[in-house]
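**Student:** Here you go, model-v3.csv (CSV, C-alpha atoms):
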chain,number,residue,atom,x,y,z
D,148,MET,CA,26.9,10.4,29.5
D,149,GLU,CA,25.0,13.5,28.4
D,150,ARG,CA,26.3,15.8,25.8
D,151,ASN,CA,24.5,18.5,23.9
D,152,GLY,CA,21.1,17.1,25.0
D,153,GLN,CA,21.9,13.6,24.0
D,154,ARG,CA,22.5,10.8,26.4
D,155,GLY,CA,24.6,7.6,25.9
D,156,ASP,CA,25.8,5.0,28.3
D,157,GLY,CA,28.7,2.7,28.4
D,158,PRO,CA,32.4,3.0,27.5
D,159,THR,CA,31.7,3.7,23.9
D,160,ALA,CA,29.4,6.7,24.4
D,161,TRP,CA,32.1,9.2,23.6
D,162,GLY,CA,29.9,11.6,21.5
D,163,ARG,CA,30.7,13.2,18.2
D,164,PRO,CA,31.6,16.8,17.1
D,165,GLY,CA,28.8,16.6,14.6
D,166,GLU,CA,26.2,16.8,17.5
D,167,LEU,CA,26.7,20.6,17.3
D,168,THR,CA,24.9,22.3,14.4
D,169,PRO,CA,27.2,24.2,12.0
D,170,ALA,CA,25.9,27.5,13.4
D,171,GLU,CA,26.6,26.4,16.9
D,172,ALA,CA,30.0,25.2,16.1
D,173,THR,CA,31.0,28.3,14.2
D,174,SER,CA,29.6,30.6,17.0
D,175,ARG,CA,31.4,28.7,19.7
D,176,TRP,CA,34.7,28.7,17.9
D,177,ARG,CA,34.4,32.4,17.1
D,178,VAL,CA,33.9,33.1,20.8
D,179,LEU,CA,37.1,31.2,21.6
D,180,LEU,CA,39.1,33.0,18.9
D,181,ASP,CA,37.8,36.4,20.0
D,182,ARG,CA,38.7,35.5,23.6
D,183,ALA,CA,42.3,34.6,22.6
D,184,ARG,CA,42.6,37.8,20.6
D,185,ALA,CA,41.4,39.9,23.5
D,186,ALA,CA,43.5,38.2,26.1
D,187,PRO,CA,46.0,40.6,27.6
D,188,PRO,CA,49.7,39.7,27.1
D,189,ARG,CA,51.2,37.8,30.0
D,190,ASP,CA,54.3,39.0,31.7
D,191,PRO,CA,57.4,37.1,30.6
D,192,ALA,CA,58.2,34.2,32.9
D,193,PRO,CA,61.6,34.1,34.6
D,194,VAL,CA,64.1,32.0,32.7
D,195,ASP,CA,66.4,29.7,34.6
D,196,PRO,CA,70.1,30.1,33.9
D,197,ALA,CA,70.2,26.7,32.2
D,198,PRO,CA,67.8,26.3,29.3
D,199,THR,CA,64.7,24.3,30.2
D,200,GLY,CA,63.4,23.7,26.7
D,201,PRO,CA,64.1,24.6,23.1
D,202,ALA,CA,62.4,27.3,21.0
D,203,THR,CA,60.6,26.4,17.8
D,204,ALA,CA,62.3,26.7,14.4
D,205,THR,CA,59.5,29.0,13.3
D,206,PRO,CA,59.5,32.8,13.8
D,207,ALA,CA,57.6,32.5,17.1
D,208,GLY,CA,57.6,29.3,19.1
D,209,PRO,CA,57.1,27.9,22.6
D,210,ALA,CA,59.6,28.3,25.4
D,211,TYR,CA,59.3,26.6,28.8
D,212,GLY,CA,59.7,27.7,32.4
D,213,THR,CA,56.3,29.4,32.5
D,214,PRO,CA,53.7,29.0,35.2
D,215,ALA,CA,51.5,25.9,35.2
D,216,GLY,CA,53.4,24.5,32.2
D,217,ARG,CA,52.0,27.2,29.9
D,218,ILE,CA,54.0,28.7,27.1
D,219,GLU,CA,55.3,32.1,26.0
D,220,TRP,CA,56.9,33.0,22.7
D,221,ARG,CA,60.5,33.7,21.9
D,222,PRO,CA,62.7,34.0,18.7
D,223,ALA,CA,63.7,31.1,16.4
D,224,ALA,CA,65.8,28.2,17.4
D,225,ARG,CA,69.5,28.7,17.9
D,226,ALA,CA,72.3,26.1,17.7
D,227,ASP,CA,72.1,25.5,21.5
D,228,ASP,CA,68.4,24.9,21.2
D,229,VAL,CA,69.1,22.2,18.6
D,230,ASP,CA,71.7,20.7,20.9
D,231,HIS,CA,69.3,20.8,23.8
D,232,ALA,CA,66.6,19.0,21.7
D,233,VAL,CA,69.1,16.3,20.6
D,234,SER,CA,70.2,15.9,24.2
D,235,VAL,CA,66.6,15.4,25.4
D,236,LEU,CA,65.9,12.8,22.7
D,237,ARG,CA,69.0,10.8,23.7
D,238,ARG,CA,68.2,10.5,27.3
D,239,GLU,CA,66.7,7.5,29.1
D,240,LEU,CA,62.9,7.8,29.3
D,241,GLY,CA,62.2,5.7,32.4
D,242,GLY,CA,60.6,2.8,30.4
D,243,PRO,CA,58.8,2.5,27.1
D,244,LYS,CA,56.5,5.4,26.2
D,245,VAL,CA,53.4,5.5,24.0
D,246,LEU,CA,52.7,8.7,22.1
D,247,ALA,CA,49.2,9.0,20.7
D,248,PHE,CA,48.5,11.3,17.8
D,249,ALA,CA,44.9,12.3,17.8
D,250,ASN,CA,42.2,14.5,16.2
D,251,PRO,CA,38.9,13.0,15.1
D,252,LYS,CA,39.0,15.0,11.9
D,253,GLY,CA,40.7,13.6,8.8
D,254,GLY,CA,43.3,15.5,6.8
D,255,VAL,CA,45.0,17.1,9.9
D,256,HIS,CA,48.4,15.5,9.4
D,257,LYS,CA,48.0,12.7,12.0
D,258,THR,CA,49.7,10.2,9.8
D,259,THR,CA,52.4,12.6,8.8
D,260,ALA,CA,53.0,13.7,12.4
D,261,THR,CA,53.2,10.1,13.6
D,262,VAL,CA,55.7,9.1,10.9
D,263,LEU,CA,57.9,12.2,11.3
D,264,ALA,CA,57.9,12.0,15.1
D,265,ALA,CA,59.0,8.4,14.9
D,266,ALA,CA,61.6,9.3,12.2
D,267,THR,CA,63.0,12.2,14.2
D,268,ILE,CA,63.2,10.4,17.5
D,269,GLY,CA,64.6,7.3,15.7
D,270,SER,CA,67.2,9.4,13.9
D,271,VAL,CA,68.6,10.6,17.2
D,272,ARG,CA,68.2,7.5,19.3
D,273,GLY,CA,69.2,5.2,16.5
D,274,ARG,CA,66.9,2.3,17.5
D,275,GLY,CA,63.8,1.3,19.5
D,276,VAL,CA,61.2,3.5,17.8
D,277,LEU,CA,58.0,2.3,16.1
D,278,ALA,CA,55.1,3.9,14.3
D,279,TRP,CA,51.8,2.0,14.4
D,280,ASP,CA,48.8,2.7,12.2
D,281,ASP,CA,45.9,2.0,14.5
D,282,ASN,CA,43.4,3.4,12.1
D,283,GLU,CA,40.5,0.9,11.9
D,284,LEU,CA,39.5,2.0,8.3
D,285,ARG,CA,42.1,1.9,5.6
D,286,GLY,CA,44.9,3.8,7.2
D,287,THR,CA,47.7,4.9,4.9
D,288,LEU,CA,50.7,4.9,7.3
D,289,GLY,CA,52.0,1.6,6.1
D,290,LEU,CA,51.9,2.9,2.5
D,291,ARG,CA,53.7,6.2,3.3
D,292,ALA,CA,56.3,4.9,5.7
D,293,GLY,CA,58.5,1.9,5.8
D,294,SER,CA,59.9,-0.3,3.1
D,295,ALA,CA,57.5,-2.7,1.4
D,296,ARG,CA,59.6,-5.8,2.2
D,297,HIS,CA,56.4,-7.8,2.8
D,298,ALA,CA,52.6,-7.2,2.8
D,299,ARG,CA,52.0,-8.3,6.4
D,300,THR,CA,49.9,-6.0,8.6
D,301,ILE,CA,48.4,-6.0,12.1
D,302,ARG,CA,46.0,-8.7,10.9
D,303,HIS,CA,48.9,-11.1,10.4
D,304,LEU,CA,50.4,-10.2,13.7
D,305,LEU,CA,47.1,-10.9,15.5
D,306,SER,CA,46.9,-14.3,13.9
D,307,ASP,CA,50.2,-15.3,15.6
D,308,LEU,CA,50.0,-13.0,18.6
D,309,LEU,CA,49.8,-15.7,21.3
D,310,GLU,CA,52.8,-17.5,19.8
D,311,ILE,CA,54.9,-14.3,19.6
D,312,GLU,CA,53.9,-13.1,23.1
D,313,ASN,CA,55.2,-16.4,24.5
D,314,ALA,CA,58.5,-16.3,22.6
D,315,PRO,CA,61.6,-16.3,24.8
D,316,LEU,CA,62.9,-12.8,25.4
D,317,PRO,CA,66.1,-13.2,23.3
D,318,GLU,CA,63.9,-14.3,20.3
D,319,LEU,CA,61.1,-11.9,20.8
D,320,LYS,CA,62.4,-9.0,18.8
D,321,ASP,CA,63.3,-11.2,15.8
D,322,ARG,CA,59.9,-12.9,15.9
D,323,LEU,CA,58.1,-9.6,15.9
D,324,ASP,CA,60.3,-8.2,13.2
D,325,ASP,CA,58.8,-10.6,10.7
D,326,TYR,CA,55.6,-8.5,10.9
D,327,LEU,CA,57.2,-5.0,10.8
D,328,ARG,CA,58.4,-2.8,8.0
D,329,HIS,CA,61.5,-0.6,8.3
D,330,ALA,CA,62.2,3.0,7.4
D,331,SER,CA,64.6,3.3,4.4
D,332,ASP,CA,67.3,4.6,6.7
D,333,GLY,CA,66.5,2.0,9.5
D,334,SER,CA,65.7,4.7,12.0
D,335,TYR,CA,62.3,3.3,13.0
D,336,ASP,CA,59.9,0.4,12.4
D,337,VAL,CA,56.4,0.4,11.1
D,338,LEU,CA,53.4,-1.8,12.0
D,339,ALA,CA,51.0,-1.3,9.1
D,340,GLY,CA,47.2,-1.2,9.5
D,341,GLU,CA,44.8,-3.5,7.7
D,342,GLU,CA,42.9,-2.3,4.7
D,343,ASN,CA,40.0,-4.7,5.1
D,344,PRO,CA,37.3,-2.7,7.0
D,345,ARG,CA,35.9,-5.9,8.5
D,346,PHE,CA,39.1,-6.4,10.4
D,347,ALA,CA,38.2,-3.4,12.7
D,348,GLN,CA,35.8,-5.7,14.6
D,349,ARG,CA,38.9,-7.6,15.9
D,350,LEU,CA,40.5,-4.6,17.4
D,351,ASP,CA,38.7,-4.8,20.7
D,352,GLN,CA,40.1,-3.3,23.9
D,353,HIS,CA,41.8,-6.4,25.2
D,354,THR,CA,43.5,-7.1,21.8
D,355,VAL,CA,44.8,-3.5,21.4
D,356,ARG,CA,46.1,-3.6,25.0
D,357,ARG,CA,48.0,-6.8,24.2
D,358,VAL,CA,49.5,-5.4,21.0
D,359,LEU,CA,50.7,-2.3,22.9
D,360,ASP,CA,52.2,-4.4,25.7
D,361,LEU,CA,54.0,-6.4,23.1
D,362,LEU,CA,55.4,-3.4,21.2
D,363,CYS,CA,56.5,-1.8,24.5
D,364,ARG,CA,58.5,-5.0,25.3
D,365,THR,CA,60.6,-4.4,22.2
D,366,HIS,CA,60.6,-0.6,21.6
D,367,ASP,CA,61.4,2.4,23.7
D,368,VAL,CA,59.0,4.8,21.9
D,369,VAL,CA,55.7,3.7,20.2
D,370,CYS,CA,54.0,6.4,18.1
D,371,VAL,CA,50.4,5.6,17.3
D,372,ASP,CA,48.2,7.1,14.6
D,373,THR,CA,44.8,6.8,16.2
D,374,GLY,CA,42.5,7.3,13.3
D,375,ASN,CA,39.2,9.3,13.3
D,376,ASN,CA,36.6,7.3,15.2
D,377,VAL,CA,36.4,8.3,18.9
D,378,GLU,CA,33.8,5.6,19.5
D,379,SER,CA,36.0,2.7,18.4
D,380,ALA,CA,37.6,0.4,20.9
D,381,ASN,CA,41.0,0.8,19.4
D,382,TRP,CA,40.9,4.6,19.6
D,383,GLN,CA,39.7,4.7,23.2
D,384,THR,CA,42.2,2.1,24.3
D,385,VAL,CA,45.2,3.8,22.9
D,386,ILE,CA,44.1,7.2,24.3
D,387,ARG,CA,43.8,5.7,27.8
D,388,ALA,CA,47.1,4.0,27.5
D,389,ALA,CA,49.0,7.0,26.1
D,390,ASP,CA,51.9,8.5,28.1
D,391,GLN,CA,51.8,11.6,25.9
D,392,LEU,CA,48.9,12.9,23.8
D,393,VAL,CA,49.8,14.9,20.7
D,394,ILE,CA,46.9,16.8,19.3
D,395,THR,CA,47.5,17.4,15.6
D,396,THR,CA,45.8,20.1,13.6
D,397,VAL,CA,46.3,22.5,10.7
D,398,PRO,CA,45.6,26.2,10.8
D,399,ARG,CA,41.9,25.9,9.7
D,400,GLU,CA,38.9,26.6,11.8
D,401,ASP,CA,37.2,23.3,11.1
D,402,ALA,CA,40.3,21.3,12.0
D,403,ALA,CA,41.1,23.3,15.1
D,404,PHE,CA,37.4,23.2,16.3
D,405,THR,CA,37.4,19.4,16.2
D,406,ALA,CA,40.7,19.3,18.2
D,407,ASP,CA,39.1,21.7,20.8
D,408,TRP,CA,36.0,19.5,20.9
D,409,MET,CA,38.2,16.5,21.6
D,410,ILE,CA,39.8,18.3,24.5
D,411,ASP,CA,36.4,19.0,26.0
D,412,LEU,CA,35.4,15.3,25.5
D,413,LEU,CA,38.6,14.1,27.3
D,414,HIS,CA,37.8,16.3,30.3
D,415,GLU,CA,34.2,14.9,30.4
D,416,LEU,CA,35.6,11.4,30.4
D,417,GLY,CA,37.9,12.0,33.4
D,418,LEU,CA,41.0,12.3,31.1
D,419,GLY,CA,41.5,16.0,31.8
D,420,LYS,CA,45.1,15.5,33.0
D,421,LEU,CA,46.0,13.8,29.8
D,422,ALA,CA,44.4,16.7,27.8
D,423,GLU,CA,46.1,19.4,29.9
D,424,ASN,CA,49.5,17.7,29.5
D,425,ALA,CA,49.0,17.3,25.7
D,426,VAL,CA,51.2,18.9,23.1
D,427,THR,CA,49.3,20.7,20.3
D,428,LEU,CA,51.1,20.3,17.0
D,429,LEU,CA,50.2,22.9,14.4
D,430,SER,CA,51.2,21.7,10.9
D,431,CYS,CA,51.4,24.3,8.2
D,432,ALA,CA,49.8,22.6,5.1
D,433,THR,CA,50.6,25.4,2.7
D,434,PRO,CA,53.4,27.9,2.1
D,435,GLY,CA,53.2,31.2,3.9
D,436,THR,CA,51.6,32.0,7.2
D,437,SER,CA,48.0,31.4,7.8
D,438,PRO,CA,46.2,34.4,9.4
D,439,LEU,CA,44.7,32.0,12.0
D,440,LEU,CA,48.1,30.6,13.1
D,441,GLU,CA,48.8,33.1,15.9
D,442,ASP,CA,45.2,33.0,17.2
D,443,LEU,CA,45.3,29.2,17.3
D,444,ARG,CA,48.6,29.2,19.1
D,445,LYS,CA,47.3,31.5,21.7
D,446,HIS,CA,44.1,29.5,22.2
D,447,PHE,CA,45.7,26.0,22.5
D,448,ALA,CA,48.4,27.4,24.8
D,449,THR,CA,45.5,27.9,27.3
D,450,ARG,CA,44.4,24.3,26.9
D,451,THR,CA,47.5,22.2,26.6
D,452,ARG,CA,51.0,21.9,28.0
D,453,ALA,CA,52.7,23.2,24.9
D,454,VAL,CA,52.1,24.3,21.3
D,455,VAL,CA,54.6,23.6,18.6
D,456,VAL,CA,54.5,24.6,15.0
D,457,VAL,CA,56.1,22.7,12.1
D,458,PRO,CA,56.4,24.4,8.7
D,459,PHE,CA,55.2,23.5,5.2
D,460,ASP,CA,57.6,21.4,3.4
D,461,PRO,CA,57.3,20.6,-0.4
D,462,ALA,CA,58.6,17.1,0.2
D,463,LEU,CA,55.3,16.3,1.9
D,464,GLU,CA,53.0,18.0,-0.5
D,465,THR,CA,52.3,15.1,-2.8
D,466,GLY,CA,51.0,12.8,0.0
D,467,SER,CA,53.3,10.0,-1.2
D,468,SER,CA,56.1,8.2,0.7
D,469,ILE,CA,57.5,10.2,3.6
D,470,GLU,CA,61.2,10.3,3.6
D,471,TYR,CA,62.8,12.1,6.5
D,472,GLY,CA,66.1,12.7,4.6
D,473,ALA,CA,64.2,14.7,1.9
D,474,LEU,CA,62.9,17.3,4.3
D,475,GLN,CA,64.4,20.8,4.3
D,476,GLN,CA,66.8,21.7,7.2
D,477,THR,CA,64.3,24.1,8.7
D,478,THR,CA,61.7,21.4,8.8
D,479,LYS,CA,64.1,19.0,10.4
D,480,ARG,CA,65.0,21.5,13.1
D,481,ALA,CA,61.3,22.2,13.7
D,482,TRP,CA,60.6,18.5,14.1
D,483,LEU,CA,63.6,18.1,16.4
D,484,ASN,CA,62.1,20.7,18.7
D,485,ALA,CA,58.6,19.2,18.4
D,486,ALA,CA,59.8,15.7,19.2
D,487,SER,CA,61.9,16.9,22.2
D,488,VAL,CA,58.8,18.7,23.6
D,489,MET,CA,56.8,15.5,23.4
D,490,VAL,CA,59.3,13.4,25.3
D,491,GLU,CA,60.9,16.0,27.6
D,492,PRO,CA,58.6,15.2,30.6
D,493,PHE,CA,60.0,11.6,30.7
D,494,ALA,CA,63.7,12.4,29.9
D,495,ARG,CA,66.1,11.6,32.7
What would you get if you wrote out this structure as structure tokens?
**Tutor:**
Amino acid sequence: MERNGQRGDGPTAWGRPGELTPAEATSRWRVLLDRARAAPPRDPAPVDPAPTGPATATPAGPAYGTPAGRIEWRPAARADDVDHAVSVLRRELGGPKVLAFANPKGGVHKTTATVLAAATIGSVRGRGVLAWDDNELRGTLGLRAGSARHARTIRHLLSDLLEIENAPLPELKDRLDDYLRHASDGSYDVLAGEENPRFAQRLDQHTVRRVLDLLCRTHDVVCVDTGNNVESANWQTVIRAADQLVITTVPREDAAFTADWMIDLLHELGLGKLAENAVTLLSCATPGTSPLLEDLRKHFATRTRAVVVVPFDPALETGSSIEYGALQQTTKRAWLNAASVMVEPFAR
């Protein structure tokens, strides 16, 4: 694979955003933003009599029913939008689904998004939802979500994986539960990552695939925090196995550029359909509205199936334990919308 004048071979030659010089990266991103600003407004798409999707809980958010799955913007969520989101999340999904939360840059709310998506879906469905920290280097999901009823992590699960895989179906969920943590309200389960960096060597493609298969035997929705290393086997395996890709970013140029670079990379690797059907999740990390927010919404609306915005919430500011019940009502409504957008293609 050739990228920016460099060549690599084999399944791990995924490239890095750092291959662009800072000047090249800034120039390219400026071109993209200028293009989004200059784009003429599209004519409103016809709206079906029955709502086909919820609006966001932010002042401007995505609506559905537009050509090629693209989005237009309409006012804030109404009560019927919330009812629609809840209805979507309660439906059958046609089998277990893997939602992969990805952006190679750190600090873009991947862990927060993974936890809150699981918490939101679990609060509506009542069961069968899991958040997995598949970060190969000291992920924090296990520290920020789930009760610390034990210290077991993915490392302990792998030690007994063969035994658990072969457990009779009636016993399987109870056997796996010994390695999981639970949300304080019981709405979702957590498979914590391992803090020892040497353990990453054990997360090869075959092993990650086995873990995913096991989790999908016991859960309806598996939300995966993918970490930051696009060249790692665990990152690549989860991305290829994902039913829905969720691209997380915050309204900053560096974070959004890396997300955009990842979309280009997925197209180069033959995963263009996954990228085009992705949901871009813009998380507001500070109070107020970033001047970049609207530009980024317009840009990613041209690259992914949908763009959703979730607001700043003071309950998340400290970076400590994530408690869904502590969120403000506007934040919960925004996450209801975001989660319903993620699973709506599968809802029956």
**Student:** Could you work out how far atom CA of D:Leu304 lies from atom CA of D:Asp351, giving the answer in Å with one decimal?
**Tutor:**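 Atom-to-atom, atom CA of D:Asp351 to atom CA of D:Leu304, that is 14.7 Å.
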**Student:** So that I can see what lies close to D:Glu491, please list as a list in words the residues with an atom at most 9 Å from it, counting all atoms listed in the file and leaving out residues fewer than 5 positions away in the same chain.
**Tutor:** Gly200, Ala232, Val235, Leu236, Leu240 and Ala486 of chain D
**Student:** Between D:Val371, D:Ala448, D:Ile301, D:Leu443, which has the minimum distance to D:Arg399 (counting only C-alpha atoms)?
**Tutor:**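 Closest to D:Arg399 of all the choices is D:Leu443.
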**Student:** List as a VMD selection string the residues having at least one atom at most 9 Å from position (48.4, -6.4, 8.2) as given in the file, counting all atoms listed in the file.
**Tutor:** chain D and resid 298 to 305 326 338 to 342
**Student:** As a short mmCIF file (atom, residue, chain, number, x, y, z; two decimals) with C-alpha atoms, keeping the file's coordinate frame, please: the residues near D:Glu239 (cut-off 12 Å, only C-alpha atoms, same-chain neighbours under 6 positions excluded).
**Tutor:**
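The resulting file, around-v5.cif, is shown below:
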data_model
loop_
_atom_site.label_atom_id
_atom_site.label_comp_id
_atom_site.auth_asym_id
_atom_site.auth_seq_id
_atom_site.Cartn_x
_atom_site.Cartn_y
_atom_site.Cartn_z
CA ARG D 272 68.20 7.50 19.30
CA GLY D 275 63.80 1.30 19.50
CA ASP D 367 61.40 2.40 23.70
CA VAL D 368 59.00 4.80 21.90
CA VAL D 490 59.30 13.40 25.30
CA GLU D 491 60.90 16.00 27.60
CA PRO D 492 58.60 15.20 30.60
CA PHE D 493 60.00 11.60 30.70
CA ALA D 494 63.70 12.40 29.90
CA ARG D 495 66.10 11.60 32.70
#
**Student:** Kindly indicate which residue among D:Gln383, D:Thr395, D:Leu309, D:Gly466 lies nearest to D:Asp407, using all atoms listed in the file for the distances.
**Tutor:**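 Between D:Gln383, D:Thr395, D:Leu309, D:Gly466, the residue approaching D:Asp407 most closely is D:Thr395.
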**Student:** Taking all atoms listed in the file into account, name the residue in D:Arg450, D:Lys420, D:Arg387, D:Arg274 that is nearest to D:Thr365.
**Tutor:**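 Counting all atoms listed in the file, the residue closest to D:Thr365 is D:Arg274.
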**Student:** Check the smallest atom-to-atom distance from each of D:Asn484, D:Ser379, D:Thr465, D:Ser306 to D:Thr259 using all atoms listed in the file, then report the winner.
**Tutor:**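 Once distances to D:Thr259 are computed over all atoms listed in the file, the minimum belongs to D:Thr465.
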**Student:** D:Ile268, D:Leu474, D:Leu439, D:Ala247: which is nearest D:Glu400, counting all atoms listed in the file?
**Tutor:**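 Residue with the minimum atom-to-atom distance to D:Glu400: D:Leu439.
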**Student:** Kindly give the distance, in Å, that separates atom CA of D:Cys431 and atom CA of D:Val255, rounded to a single decimal.
**Tutor:** 9.8 Å
**Student:** Between D:Leu421, D:Arg328, D:Lys479, D:Arg364, which residue has the minimum interatomic distance to D:Arg452, considering all atoms listed in the file?
**Tutor:**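 The closest residue to D:Arg452 is D:Leu421.
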**Student:** Report, in Å to a single decimal, how far apart atom CA of D:Phe248 and atom CA of D:Val355 are.
**Tutor:** 15.7 Å
**Student:** Got a sec: who's within 9 Å of D:Lys252, counting only C-alpha atoms, leaving out chain neighbours fewer than 2 positions off, as a PDB file with C-alpha atoms, in the coordinates of the input?
**Tutor:**
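Dumped to selection.pdb:
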ATOM      1  CA  ALA D 249      44.900  12.300  17.800  1.00  0.00           C
ATOM      2  CA  ASN D 250      42.200  14.500  16.200  1.00  0.00           C
ATOM      3  CA  GLY D 254      43.300  15.500   6.800  1.00  0.00           C
ATOM      4  CA  VAL D 255      45.000  17.100   9.900  1.00  0.00           C
ATOM      5  CA  GLY D 374      42.500   7.300  13.300  1.00  0.00           C
ATOM      6  CA  ASN D 375      39.200   9.300  13.300  1.00  0.00           C
ATOM      7  CA  ASN D 376      36.600   7.300  15.200  1.00  0.00           C
ATOM      8  CA  THR D 396      45.800  20.100  13.600  1.00  0.00           C
ATOM      9  CA  ASP D 401      37.200  23.300  11.100  1.00  0.00           C
ATOM     10  CA  ALA D 402      40.300  21.300  12.000  1.00  0.00           C
ATOM     11  CA  THR D 405      37.400  19.400  16.200  1.00  0.00           C
ATOM     12  CA  ALA D 406      40.700  19.300  18.200  1.00  0.00           C
TER      13      ALA D 406
END
**Student:** Up to 10 Å from (52.9, -9.4, 25.9) in the file's coordinates: name the residues, counting all atoms listed in the file, as an MDAnalysis selection string.
**Tutor:** chainID D and resid 308:309 311:314 319 356:365
